[in-house]
>>> print(open('coords_24.pdb').read())   # PDB, C-alpha atoms
ATOM      1  CA  MET C  24      59.574-140.379 168.963
ATOM      2  CA  SER C  25      57.774-137.646 170.846
ATOM      3  CA  GLU C  26      55.580-135.228 168.869
ATOM      4  CA  THR C  27      54.250-131.780 169.678
ATOM      5  CA  HIS C  28      51.048-130.744 167.914
ATOM      6  CA  VAL C  29      51.205-126.946 167.591
ATOM      7  CA  VAL C  30      47.633-125.918 166.750
ATOM      8  CA  MET C  31      46.729-122.569 165.168
ATOM      9  CA  TYR C  32      43.620-120.435 165.722
ATOM     10  CA  HIS C  33      42.461-117.027 164.512
ATOM     11  CA  TYR C  34      38.895-115.839 165.177
ATOM     12  CA  VAL C  35      37.141-117.639 168.059
ATOM     13  CA  ARG C  36      33.751-116.230 169.024
ATOM     14  CA  PRO C  37      30.159-117.205 169.843
ATOM     15  CA  THR C  38      28.511-115.009 167.188
ATOM     16  CA  PRO C  39      29.555-113.092 164.034
ATOM     17  CA  ASP C  40      28.367-109.736 165.393
ATOM     18  CA  ARG C  41      31.715-107.946 165.161
ATOM     19  CA  PRO C  42      34.184-107.462 162.292
ATOM     20  CA  PRO C  43      34.811-109.402 160.125
ATOM     21  CA  HIS C  44      31.211-110.515 160.706
ATOM     22  CA  GLY C  45      30.386-113.428 158.395
ATOM     23  CA  TYR C  46      33.979-114.245 157.492
ATOM     24  CA  TYR C  47      35.370-117.461 158.904
ATOM     25  CA  HIS C  48      35.491-118.059 162.648
ATOM     26  CA  LEU C  49      35.521-121.012 165.004
ATOM     27  CA  ALA C  50      32.382-121.057 167.117
ATOM     28  CA  LEU C  51      33.132-120.767 170.825
ATOM     29  CA  ASP C  52      31.222-123.957 171.632
ATOM     30  CA  ASP C  53      33.284-125.819 169.038
ATOM     31  CA  PHE C  54      36.463-124.407 170.561
ATOM     32  CA  ARG C  55      35.376-125.815 173.916
ATOM     33  CA  ARG C  56      34.576-129.178 172.353
ATOM     34  CA  GLN C  57      37.950-129.230 170.623
ATOM     35  CA  LEU C  58      39.767-128.559 173.886
ATOM     36  CA  ASP C  59      37.847-131.464 175.434
ATOM     37  CA  HIS C  60      38.910-133.611 172.458
ATOM     38  CA  PHE C  61      42.569-132.649 172.882
ATOM     39  CA  GLU C  62      42.433-133.401 176.587
ATOM     40  CA  ASP C  63      41.049-136.863 175.863
ATOM     41  CA  THR C  64      43.331-137.750 172.924
ATOM     42  CA  HIS C  65      46.664-135.928 173.237
ATOM     43  CA  GLY C  66      46.844-133.914 176.424
ATOM     44  CA  PHE C  67      48.377-130.441 176.629
ATOM     45  CA  VAL C  68      52.052-129.558 176.765
ATOM     46  CA  ASP C  69      53.246-127.973 179.975
ATOM     47  CA  ARG C  70      54.337-124.363 179.428
ATOM     48  CA  ASP C  71      57.753-124.772 181.036
ATOM     49  CA  ALA C  72      58.403-128.013 179.151
ATOM     50  CA  PHE C  73      57.628-126.273 175.851
ATOM     51  CA  LEU C  74      59.927-123.373 176.649
ATOM     52  CA  ALA C  75      62.710-125.731 177.690
ATOM     53  CA  ALA C  76      62.357-127.598 174.393
ATOM     54  CA  LEU C  77      62.615-124.337 172.421
ATOM     55  CA  ARG C  78      65.781-123.490 174.324
ATOM     56  CA  GLY C  79      67.258-126.906 173.514
ATOM     57  CA  GLU C  80      67.170-128.082 177.114
ATOM     58  CA  ARG C  81      64.935-131.115 176.546
ATOM     59  CA  ASP C  82      63.228-133.156 173.837
ATOM     60  CA  ALA C  83      59.979-132.119 172.160
ATOM     61  CA  PRO C  84      57.174-132.846 174.641
ATOM     62  CA  ASP C  85      54.182-134.940 173.618
ATOM     63  CA  GLY C  86      50.855-133.148 173.446
ATOM     64  CA  VAL C  87      49.152-130.009 172.145
ATOM     65  CA  VAL C  88      50.349-126.404 172.183
ATOM     66  CA  LEU C  89      47.665-123.789 171.470
ATOM     67  CA  THR C  90      48.656-120.772 169.339
ATOM     68  CA  PHE C  91      46.537-117.775 168.334
ATOM     69  CA  ASP C  92      47.395-115.342 165.548
ATOM     70  CA  ASP C  93      46.820-111.604 165.146
ATOM     71  CA  ALA C  94      46.170-110.305 168.704
ATOM     72  CA  LEU C  95      42.409-110.196 168.186
ATOM     73  CA  VAL C  96      39.824-108.950 170.693
ATOM     74  CA  ASP C  97      38.416-112.495 170.597
ATOM     75  CA  HIS C  98      41.530-113.779 172.327
ATOM     76  CA  HIS C  99      40.944-111.697 175.425
ATOM     77  CA  GLU C 100      37.165-111.791 175.562
ATOM     78  CA  TRP C 101      36.533-115.454 174.728
ATOM     79  CA  VAL C 102      39.756-117.469 174.604
ATOM     80  CA  LEU C 103      41.428-116.248 177.797
ATOM     81  CA  PRO C 104      38.501-117.107 180.121
ATOM     82  CA  GLU C 105      38.290-120.605 178.647
ATOM     83  CA  LEU C 106      42.010-121.216 179.050
ATOM     84  CA  ARG C 107      41.908-119.910 182.612
ATOM     85  CA  ARG C 108      38.979-122.150 183.464
ATOM     86  CA  ARG C 109      40.984-125.169 182.341
ATOM     87  CA  ASP C 110      44.328-123.996 183.756
ATOM     88  CA  LEU C 111      45.825-123.880 180.245
ATOM     89  CA  TRP C 112      48.143-121.434 178.526
ATOM     90  CA  GLY C 113      48.457-120.180 174.953
ATOM     91  CA  LEU C 114      51.016-118.545 172.681
ATOM     92  CA  PHE C 115      49.649-115.398 171.003
ATOM     93  CA  PHE C 116      51.375-113.966 167.914
ATOM     94  CA  VAL C 117      51.109-110.182 167.626
ATOM     95  CA  PRO C 118      51.365-108.030 164.464
ATOM     96  CA  THR C 119      52.434-104.664 165.829
ATOM     97  CA  GLY C 120      51.362-102.321 163.023
ATOM     98  CA  PRO C 121      47.946-101.388 164.451
ATOM     99  CA  TYR C 122      49.608-100.139 167.640
ATOM    100  CA  VAL C 123      52.444 -98.322 165.873
ATOM    101  CA  HIS C 124      50.525 -96.843 162.929
ATOM    102  CA  GLY C 125      46.988 -96.684 164.348
ATOM    103  CA  ARG C 126      45.494 -98.496 161.330
ATOM    104  CA  VAL C 127      43.799-101.839 160.860
ATOM    105  CA  LEU C 128      46.093-104.172 158.952
ATOM    106  CA  PRO C 129      45.378-104.825 155.271
ATOM    107  CA  VAL C 130      44.801-108.528 155.938
ATOM    108  CA  HIS C 131      42.007-107.686 158.369
ATOM    109  CA  ARG C 132      40.553-104.929 156.224
ATOM    110  CA  ILE C 133      40.247-107.594 153.526
ATOM    111  CA  HIS C 134      38.586-110.025 155.945
ATOM    112  CA  SER C 135      36.111-107.353 156.984
ATOM    113  CA  LEU C 136      35.274-106.512 153.373
ATOM    114  CA  VAL C 137      34.747-110.159 152.502
ATOM    115  CA  GLY C 138      32.529-110.615 155.554
ATOM    116  CA  SER C 139      30.379-107.570 154.774
ATOM    117  CA  VAL C 140      30.199-107.047 150.991
ATOM    118  CA  PRO C 141      28.835-109.512 148.404
ATOM    119  CA  ALA C 142      31.830-111.193 146.789
ATOM    120  CA  ALA C 143      30.918-110.451 143.172
ATOM    121  CA  ARG C 144      30.497-106.751 143.939
ATOM    122  CA  LEU C 145      33.739-106.658 145.901
ATOM    123  CA  ARG C 146      35.728-108.238 143.082
ATOM    124  CA  ARG C 147      34.143-105.965 140.490
ATOM    125  CA  GLU C 148      34.946-102.821 142.463
ATOM    126  CA  LEU C 149      38.505-103.953 143.195
ATOM    127  CA  GLU C 150      39.194-104.705 139.547
ATOM    128  CA  SER C 151      37.843-101.270 138.705
ATOM    129  CA  VAL C 152      40.267 -99.673 141.190
ATOM    130  CA  LEU C 153      43.174-101.572 139.650
ATOM    131  CA  ASP C 154      42.092-100.740 136.092
ATOM    132  CA  ASP C 155      42.038 -97.044 137.007
ATOM    133  CA  ASP C 156      45.585 -97.132 138.406
ATOM    134  CA  PRO C 157      47.626-100.105 137.129
ATOM    135  CA  SER C 158      50.796 -98.531 138.548
ATOM    136  CA  VAL C 159      49.953-100.112 141.914
ATOM    137  CA  LEU C 160      50.475-103.599 140.487
ATOM    138  CA  ALA C 161      53.737-105.405 141.142
ATOM    139  CA  GLY C 162      52.839-108.276 138.818
ATOM    140  CA  THR C 163      52.264-111.860 139.798
ATOM    141  CA  ASN C 164      54.816-113.998 141.588
ATOM    142  CA  GLU C 165      55.386-117.665 142.317
ATOM    143  CA  VAL C 166      52.700-117.860 144.984
ATOM    144  CA  GLN C 167      49.729-118.594 142.786
ATOM    145  CA  ASN C 168      47.867-121.224 144.768
ATOM    146  CA  ALA C 169      47.786-119.761 148.266
ATOM    147  CA  TYR C 170      44.045-120.283 148.544
ATOM    148  CA  GLY C 171      43.658-123.326 146.355
ATOM    149  CA  GLU C 172      42.678-125.582 149.248
ATOM    150  CA  GLN C 173      40.199-123.221 150.871
ATOM    151  CA  SER C 174      36.471-123.344 150.200
ATOM    152  CA  SER C 175      35.978-119.632 149.591
ATOM    153  CA  ALA C 176      34.085-118.667 146.487
ATOM    154  CA  ALA C 177      36.194-117.912 143.424
ATOM    155  CA  ASP C 178      35.466-114.189 143.728
ATOM    156  CA  VAL C 179      36.689-114.107 147.321
ATOM    157  CA  SER C 180      39.818-116.054 146.439
ATOM    158  CA  GLU C 181      40.599-113.690 143.578
ATOM    159  CA  VAL C 182      40.136-110.594 145.745
ATOM    160  CA  LYS C 183      42.536-112.011 148.313
ATOM    161  CA  ARG C 184      45.030-113.101 145.672
ATOM    162  CA  LEU C 185      45.113-109.697 144.024
ATOM    163  CA  LEU C 186      45.528-107.763 147.232
ATOM    164  CA  ASN C 187      48.000-110.095 148.921
ATOM    165  CA  PHE C 188      50.142-111.210 145.994
ATOM    166  CA  VAL C 189      49.702-108.863 143.016
ATOM    167  CA  VAL C 190      49.295-105.303 144.328
ATOM    168  CA  ALA C 191      52.663-103.932 145.457
ATOM    169  CA  PRO C 192      52.983-104.328 149.248
ATOM    170  CA  ASP C 193      53.404-100.589 149.876
ATOM    171  CA  GLU C 194      50.327 -99.811 147.761
ATOM    172  CA  VAL C 195      47.809-102.112 149.447
ATOM    173  CA  GLN C 196      46.583 -99.667 152.096
ATOM    174  CA  GLY C 197      45.932 -97.007 149.436
ATOM    175  CA  VAL C 198      44.109 -99.472 147.201
ATOM    176  CA  LEU C 199      41.931-100.499 150.140
ATOM    177  CA  ASP C 200      41.233 -96.829 150.922
ATOM    178  CA  ASP C 201      40.023 -96.329 147.348
ATOM    179  CA  LEU C 202      38.016 -99.543 147.391
ATOM    180  CA  GLU C 203      36.263 -98.694 150.650
ATOM    181  CA  ARG C 204      35.340 -95.220 149.363
ATOM    182  CA  ARG C 205      33.548 -96.823 146.432
ATOM    183  CA  LEU C 206      31.457 -99.096 148.647
ATOM    184  CA  GLU C 207      28.601 -96.870 149.744
ATOM    185  CA  GLY C 208      27.281 -97.842 153.151
ATOM    186  CA  TYR C 209      30.328 -99.894 154.131
ATOM    187  CA  ASP C 210      31.613 -99.181 157.661
ATOM    188  CA  PRO C 211      35.314-100.112 158.051
ATOM    189  CA  PRO C 212      36.503-101.627 161.344
ATOM    190  CA  THR C 213      38.567 -99.677 163.869
ATOM    191  CA  VAL C 214      41.740-100.680 165.680
ATOM    192  CA  SER C 215      40.016-100.641 169.081
ATOM    193  CA  GLU C 216      37.249-103.036 168.043
ATOM    194  CA  TYR C 217      39.628-105.448 166.312
ATOM    195  CA  TYR C 218      42.802-105.838 168.431
ATOM    196  CA  LEU C 219      43.892-106.401 172.016
ATOM    197  CA  SER C 220      43.987-103.327 174.228
ATOM    198  CA  ASP C 221      46.817-102.416 176.621
ATOM    199  CA  PRO C 222      44.865-103.705 179.653
ATOM    200  CA  ALA C 223      44.144-106.947 177.770
ATOM    201  CA  PHE C 224      47.864-107.493 177.130
ATOM    202  CA  ALA C 225      48.603-106.953 180.807
ATOM    203  CA  GLU C 226      45.845-109.272 181.997
ATOM    204  CA  MET C 227      46.873-112.037 179.606
ATOM    205  CA  ALA C 228      50.545-111.761 180.575
ATOM    206  CA  ASP C 229      49.614-111.895 184.262
ATOM    207  CA  ALA C 230      47.614-115.067 183.520
ATOM    208  CA  GLY C 231      50.710-116.795 182.134
ATOM    209  CA  MET C 232      50.030-116.371 178.435
ATOM    210  CA  LEU C 233      53.033-116.063 176.113
ATOM    211  CA  PHE C 234      53.416-113.635 173.207
ATOM    212  CA  GLY C 235      55.395-113.935 169.990
ATOM    213  CA  ALA C 236      56.016-111.520 167.145
ATOM    214  CA  HIS C 237      54.028-111.692 163.895
ATOM    215  CA  SER C 238      55.721-108.869 161.911
ATOM    216  CA  VAL C 239      54.613-105.235 161.804
ATOM    217  CA  THR C 240      52.233-105.051 158.836
ATOM    218  CA  HIS C 241      51.516-108.766 158.210
ATOM    219  CA  PRO C 242      52.948-108.824 154.665
ATOM    220  CA  VAL C 243      54.028-111.751 152.551
ATOM    221  CA  LEU C 244      57.617-111.371 153.693
ATOM    222  CA  SER C 245      59.102-113.084 150.647
ATOM    223  CA  ARG C 246      57.803-110.183 148.516
ATOM    224  CA  LEU C 247      59.912-107.646 150.413
ATOM    225  CA  SER C 248      63.554-106.667 150.104
ATOM    226  CA  GLU C 249      65.943-108.145 152.654
ATOM    227  CA  ALA C 250      66.175-104.779 154.395
ATOM    228  CA  ASP C 251      62.395-104.471 154.640
ATOM    229  CA  GLN C 252      62.139-108.009 155.951
ATOM    230  CA  ARG C 253      64.622-107.193 158.706
ATOM    231  CA  ARG C 254      62.631-104.095 159.647
ATOM    232  CA  GLU C 255      59.391-106.086 159.800
ATOM    233  CA  VAL C 256      60.961-108.692 162.062
ATOM    234  CA  GLU C 257      63.229-106.599 164.268
ATOM    235  CA  SER C 258      60.686-103.835 164.866
ATOM    236  CA  ALA C 259      57.990-106.321 165.845
ATOM    237  CA  VAL C 260      60.247-108.196 168.273
ATOM    238  CA  ALA C 261      61.492-104.945 169.863
ATOM    239  CA  TRP C 262      57.960-103.527 170.216
ATOM    240  CA  LEU C 263      56.733-106.714 171.849
ATOM    241  CA  ASP C 264      59.619-106.679 174.332
ATOM    242  CA  ASP C 265      58.636-103.134 175.306
ATOM    243  CA  ARG C 266      54.940-103.995 175.620
ATOM    244  CA  VAL C 267      54.967-107.274 177.556
ATOM    245  CA  GLY C 268      58.541-107.500 178.819
ATOM    246  CA  ASP C 269      61.107-110.173 178.147
ATOM    247  CA  GLN C 270      59.562-113.484 177.133
ATOM    248  CA  PRO C 271      61.039-116.725 178.485
ATOM    249  CA  ALA C 272      61.806-117.542 174.837
ATOM    250  CA  SER C 273      61.214-115.138 171.945
ATOM    251  CA  THR C 274      59.239-116.610 169.057
ATOM    252  CA  PHE C 275      57.980-115.510 165.654
ATOM    253  CA  ALA C 276      55.182-116.645 163.331
ATOM    254  CA  TYR C 277      55.475-115.925 159.603
ATOM    255  CA  PRO C 278      52.434-114.082 158.189
ATOM    256  CA  TYR C 279      50.498-116.429 155.895
ATOM    257  CA  GLY C 280      53.212-118.941 156.754
ATOM    258  CA  GLY C 281      53.468-121.118 153.672
ATOM    259  CA  ASP C 282      56.959-122.176 152.670
ATOM    260  CA  ASP C 283      56.851-119.707 149.748
ATOM    261  CA  THR C 284      56.081-116.746 152.020
ATOM    262  CA  PHE C 285      59.467-116.535 153.757
ATOM    263  CA  THR C 286      63.059-116.970 152.622
ATOM    264  CA  ASP C 287      66.511-117.697 154.018
ATOM    265  CA  ALA C 288      66.830-113.935 154.515
ATOM    266  CA  THR C 289      63.672-113.974 156.645
ATOM    267  CA  ILE C 290      65.077-116.785 158.765
ATOM    268  CA  ASP C 291      68.326-114.856 159.185
ATOM    269  CA  ALA C 292      66.349-111.817 160.338
ATOM    270  CA  VAL C 293      64.351-113.864 162.843
ATOM    271  CA  ALA C 294      67.472-115.500 164.248
ATOM    272  CA  GLY C 295      69.263-112.154 164.338
ATOM    273  CA  ALA C 296      66.409-110.633 166.334
ATOM    274  CA  GLY C 297      67.076-113.162 169.100
ATOM    275  CA  CYS C 298      64.175-115.503 168.521
ATOM    276  CA  ALA C 299      64.533-119.113 169.648
ATOM    277  CA  ALA C 300      62.055-120.463 167.104
ATOM    278  CA  ALA C 301      59.673-119.504 164.314
ATOM    279  CA  PHE C 302      56.466-121.122 163.154
ATOM    280  CA  THR C 303      54.957-121.660 159.723
ATOM    281  CA  THR C 304      51.453-122.698 158.648
ATOM    282  CA  GLU C 305      52.776-125.837 156.975
ATOM    283  CA  SER C 306      50.874-128.767 158.463
ATOM    284  CA  GLY C 307      52.857-131.229 160.542
ATOM    285  CA  VAL C 308      54.058-132.091 164.019
ATOM    286  CA  VAL C 309      57.165-130.787 165.765
ATOM    287  CA  THR C 310      59.738-133.442 166.616
ATOM    288  CA  ASP C 311      63.098-133.505 168.371
ATOM    289  CA  ASP C 312      64.781-133.467 164.961
ATOM    290  CA  ASP C 313      62.802-130.363 163.910
ATOM    291  CA  LEU C 314      63.868-128.491 167.018
ATOM    292  CA  ARG C 315      67.500-129.380 166.379
ATOM    293  CA  THR C 316      67.682-128.833 162.611
ATOM    294  CA  THR C 317      64.898-126.413 161.546
ATOM    295  CA  PRO C 318      63.901-124.378 164.611
ATOM    296  CA  PHE C 319      62.955-121.425 162.382
ATOM    297  CA  ALA C 320      60.541-123.419 160.223
ATOM    298  CA  LEU C 321      58.436-125.336 162.739
ATOM    299  CA  SER C 322      55.098-126.746 161.587
ATOM    300  CA  ARG C 323      51.662-125.834 162.871
ATOM    301  CA  ARG C 324      48.357-127.549 162.261
ATOM    302  CA  ASP C 325      45.232-125.503 161.614
ATOM    303  CA  CYS C 326      42.463-126.171 164.108
ATOM    304  CA  ASN C 327      40.231-127.291 161.238
ATOM    305  CA  GLU C 328      42.389-130.395 160.835
ATOM    306  CA  PHE C 329      40.972-131.749 164.079
ATOM    307  CA  GLU C 330      37.557-132.769 165.337
ATOM    308  CA  HIS C 331      35.267-129.795 166.108
ATOM    309  CA  GLY C 332      37.591-127.393 164.269
ATOM    310  CA  GLY C 333      35.513-126.593 161.201
ATOM    311  CA  ALA C 334      35.199-122.877 160.494
ATOM    312  CA  THR C 335      31.827-121.182 160.202
ATOM    313  CA  PHE C 336      31.158-118.957 157.187
ATOM    314  CA  ASP C 337      28.142-116.688 156.737
ATOM    315  CA  LEU C 338      29.139-114.511 153.781
ATOM    316  CA  PRO C 339      26.779-111.922 152.260
TER     317      PRO C 339
END
>>> encode(input="coords_24.pdb", output="C-alpha cells")
Amino acid sequence: MSETHVVMYHYVRPTPDRPPHGYYHLALDDFRRQLDHFEDTHGFVDRDAFLAALRGERDAPDGVVLTFDDALVDHHEWVLPELRRRDLWGLFFVPTGPYVHGRVLPVHRIHSLVGSVPAARLRRELESVLDDDPSVLAGTNEVQNAYGEQSSAADVSEVKRLLNFVVAPDEVQGVLDDLERRLEGYDPPTVSEYYLSDPAFAEMADAGMLFGAHSVTHPVLSRLSEADQRREVESAVAWLDDRVGDQPASTFAYPYGGDDTFTDATIDAVAGAGCAAAFTTESGVVTDDDLRTTPFALSRRDCNEFEHGGATFDLP
C-alpha cells in the first residue's frame, strides 16, 4: 500500500533573533539536513500527483509532502529559497486574522511571551490577571493533556493551557493585552515582523507553492459554537481565494489539530467551504483508504519525528 508522509513545520530559521526569539524553532541547517534525509529515504511527492490524489483521481503517492503552518516570515525568507534550490514545493497554511484585523494572533503572542519572559514570572503575572477578573474564564474542558508530550517547563505548559483552553476564546486578546501591560520592558511583536507580506504571497505563488486555510484567529475550534466555527472556516477560505486566487485544490489545517480540537460540525464547515481535504496534527501516514474515507481528518507528522527534526529551545 502506498503511503504519503505529510510533514509539518512551523518556525524555520538560522538564529532566534526575531520573535518569538528563544521559543522553539528548527534550525535552518537542520532543515536542510532533513530535506537531504527525505530525499535519500522517501523521496518527495510530485505536486500534481498530490493534487490529483486529493481530488480522487489517483491513489496516494509514495513520498513526502512538506507543509508549513501560520504564514510566518520564516517561510518566505528561509524556506522558499531552499525549496527553490531543490526544485521542491510546499503547502502553506494561512491564518487570516492578522491581515483582516491587523493584530498578531493570540497563539503567536503567547509564543513571543514564552520566548522573551522567564516562565515563572509569566505564569505568576497571568494568574494575577485571571484572579483580578475571573469573568474571563470559561472553565476547563476535555482537552487537558494538549501539552503532555512536549518538553516545555511546567510553567510554560500551564500558561499555554490557561490561555488556549480555559480563558474564553473571545477574551484571550484582552487578557494578553492586560498581561503585556504588566510586563515592564516587554516589546510585543508586530504583524509585519511576524507574517508573510503581500509581495511574499505573490512570489511564493509564482514559485509554485500552494496555500491552504488555517482559520481566521487560530482558535481551538471545538470550543466555539457551530456558527462561529463556520465563520472561522468560511471566512479564511474566502480570504485566501481573494489573496492568492483559486487553488488547484482547496485545503484546510485545523489549528492545534488534535482530534479533540475539531468536531463533526467543523468537518461539515470545511466540506461546505469547498475544501477537498483537511489536515490534523495526529501522527500517521496518509493512505488510499484515508483519502477515500476520512479526507477531512488526514494525518500529519511533526518534523521532530524524523532525523534532524529536533526543535531548538533557548528560553529565558
>>> closest_residue(input="coords_24.pdb", among="C:Phe115, C:Ala250, C:Leu103, C:Ala294", to="Pro318 (chain C)", atoms="all atoms listed in the file")
C:Ala294
>>> resolve_selection(input="coords_24.pdb", expression="the PyMOL selection byres ((chain C and resi 255) around 10)", output="list in words")
Pro118, Thr119, Gly120, Ala236, His237, Ser238, Val239, Thr240, His241, Pro242, Leu244, Leu247, Glu249, Ala250, Asp251, Gln252, Arg253, Arg254, Val256, Glu257, Ser258, Ala259, Val260, Thr289, Ala292 and Val293 of chain C
>>> resolve_selection(input="coords_24.pdb", expression="the PyMOL selection byres ((chain C and resi 152-161) around 10)", output="PyMOL selection string")
chain C and resi 146-151+162-164+185-186+188-195+197-199+201-202+205+246
>>> residues_around(input="coords_24.pdb", residues="region 63-77 of chain C", least_positions_apart="5", cutoff="8 Å", atoms="all atoms listed in the file", output="list in words")
Thr27, Asp82, Ala83, Pro84, Asp85, Gly86, Val87, Val88, Leu111, Trp112, Pro271, Ala272, Ala299, Ala300, Leu314 and Pro318 of chain C
>>> closest_residue(input="coords_24.pdb", among="C:Ser220, C:Thr213, C:Ser180, C:Thr303", to="Glu100 (chain C)", atoms="only C-alpha atoms")
C:Ser220
>>> resolve_selection(input="coords_24.pdb", expression="the PyMOL selection byres ((chain C and resi 140) around 10)", output="VMD selection string")
chain C and resid 45 135 to 139 141 to 146 206 208 to 209 338 to 339
>>> residues_around(input="coords_24.pdb", residues="Trp101 (chain C)", least_positions_apart="6", cutoff="12 Å", atoms="only C-alpha atoms", output="list in words")
His33, Tyr34, Val35, Arg36, Pro37, Thr38, Leu49, Ala50, Leu51, Asp52, Phe54, Arg55, Leu95, Arg107, Arg108, Leu219, Ala223 and Met227 of chain C
>>> closest_residue(input="coords_24.pdb", among="C:Pro212, C:Gly79, C:Pro42, C:Gly297", to="Gly125 (chain C)", atoms="all atoms listed in the file")
C:Pro212
>>> atom_distance(input="coords_24.pdb", atom1="CA of Tyr279 (chain C)", atom2="CA of Arg132 (chain C)")
15.2 Å
>>> atom_distance(input="coords_24.pdb", atom1="CA of Leu89 (chain C)", atom2="CA of Tyr277 (chain C)")
16.2 Å
>>> atom_distance(input="coords_24.pdb", atom1="CA of Tyr122 (chain C)", atom2="CA of Arg266 (chain C)")
10.3 Å
>>> residues_around(input="coords_24.pdb", residues="Ser322 (chain C)", least_positions_apart="2", cutoff="8 Å", atoms="only C-alpha atoms", output="JSON, numbers by chain")
{"C": [29, 302, 303, 304, 305, 306, 307, 308, 309, 320, 324]}
>>> closest_residue(input="coords_24.pdb", among="C:Ala94, C:Val117, C:Val102, C:Ile133", to="Tyr46 (chain C)", atoms="only C-alpha atoms")
C:Ile133
>>> decode(input="coords_24.pdb", residues="region 289-304 of chain C", atoms="N, CA and C atoms", output="compact mmCIF listing (two decimals), in the first residue's frame")
# COMPACT_ATOMS: atom_id res chain seq x y z
N THR C 289 -17.18 21.00 12.59
CA THR C 289 -16.02 21.60 11.93
C THR C 289 -15.82 20.97 10.55
N ILE C 290 -15.88 19.65 10.51
CA ILE C 290 -15.71 18.94 9.25
C ILE C 290 -16.78 19.36 8.25
N ASP C 291 -18.02 19.49 8.72
CA ASP C 291 -19.09 19.94 7.84
C ASP C 291 -18.80 21.33 7.28
N ALA C 292 -18.26 22.21 8.13
CA ALA C 292 -17.94 23.56 7.69
C ALA C 292 -16.83 23.55 6.64
N VAL C 293 -15.82 22.72 6.86
CA VAL C 293 -14.71 22.63 5.92
C VAL C 293 -15.20 22.09 4.57
N ALA C 294 -15.98 21.03 4.62
CA ALA C 294 -16.52 20.47 3.38
C ALA C 294 -17.43 21.48 2.68
N GLY C 295 -18.25 22.18 3.47
CA GLY C 295 -19.17 23.16 2.90
C GLY C 295 -18.46 24.34 2.27
N ALA C 296 -17.25 24.63 2.73
CA ALA C 296 -16.47 25.74 2.17
C ALA C 296 -15.78 25.35 0.86
N GLY C 297 -15.94 24.10 0.45
CA GLY C 297 -15.38 23.66 -0.83
C GLY C 297 -14.01 23.05 -0.77
N CYS C 298 -13.55 22.74 0.44
CA CYS C 298 -12.23 22.14 0.57
C CYS C 298 -12.26 20.68 0.14
N ALA C 299 -11.16 20.23 -0.45
CA ALA C 299 -11.03 18.84 -0.87
C ALA C 299 -10.50 17.97 0.25
N ALA C 300 -9.81 18.57 1.22
CA ALA C 300 -9.19 17.79 2.29
C ALA C 300 -8.86 18.71 3.44
N ALA C 301 -8.69 18.11 4.62
CA ALA C 301 -8.25 18.86 5.80
C ALA C 301 -7.28 18.00 6.58
N PHE C 302 -6.34 18.68 7.25
CA PHE C 302 -5.24 18.01 7.91
C PHE C 302 -5.25 18.27 9.41
N THR C 303 -4.89 17.24 10.16
CA THR C 303 -4.80 17.30 11.61
C THR C 303 -3.33 17.41 12.00
N THR C 304 -3.05 17.29 13.30
CA THR C 304 -1.68 17.10 13.78
C THR C 304 -1.53 15.73 14.42
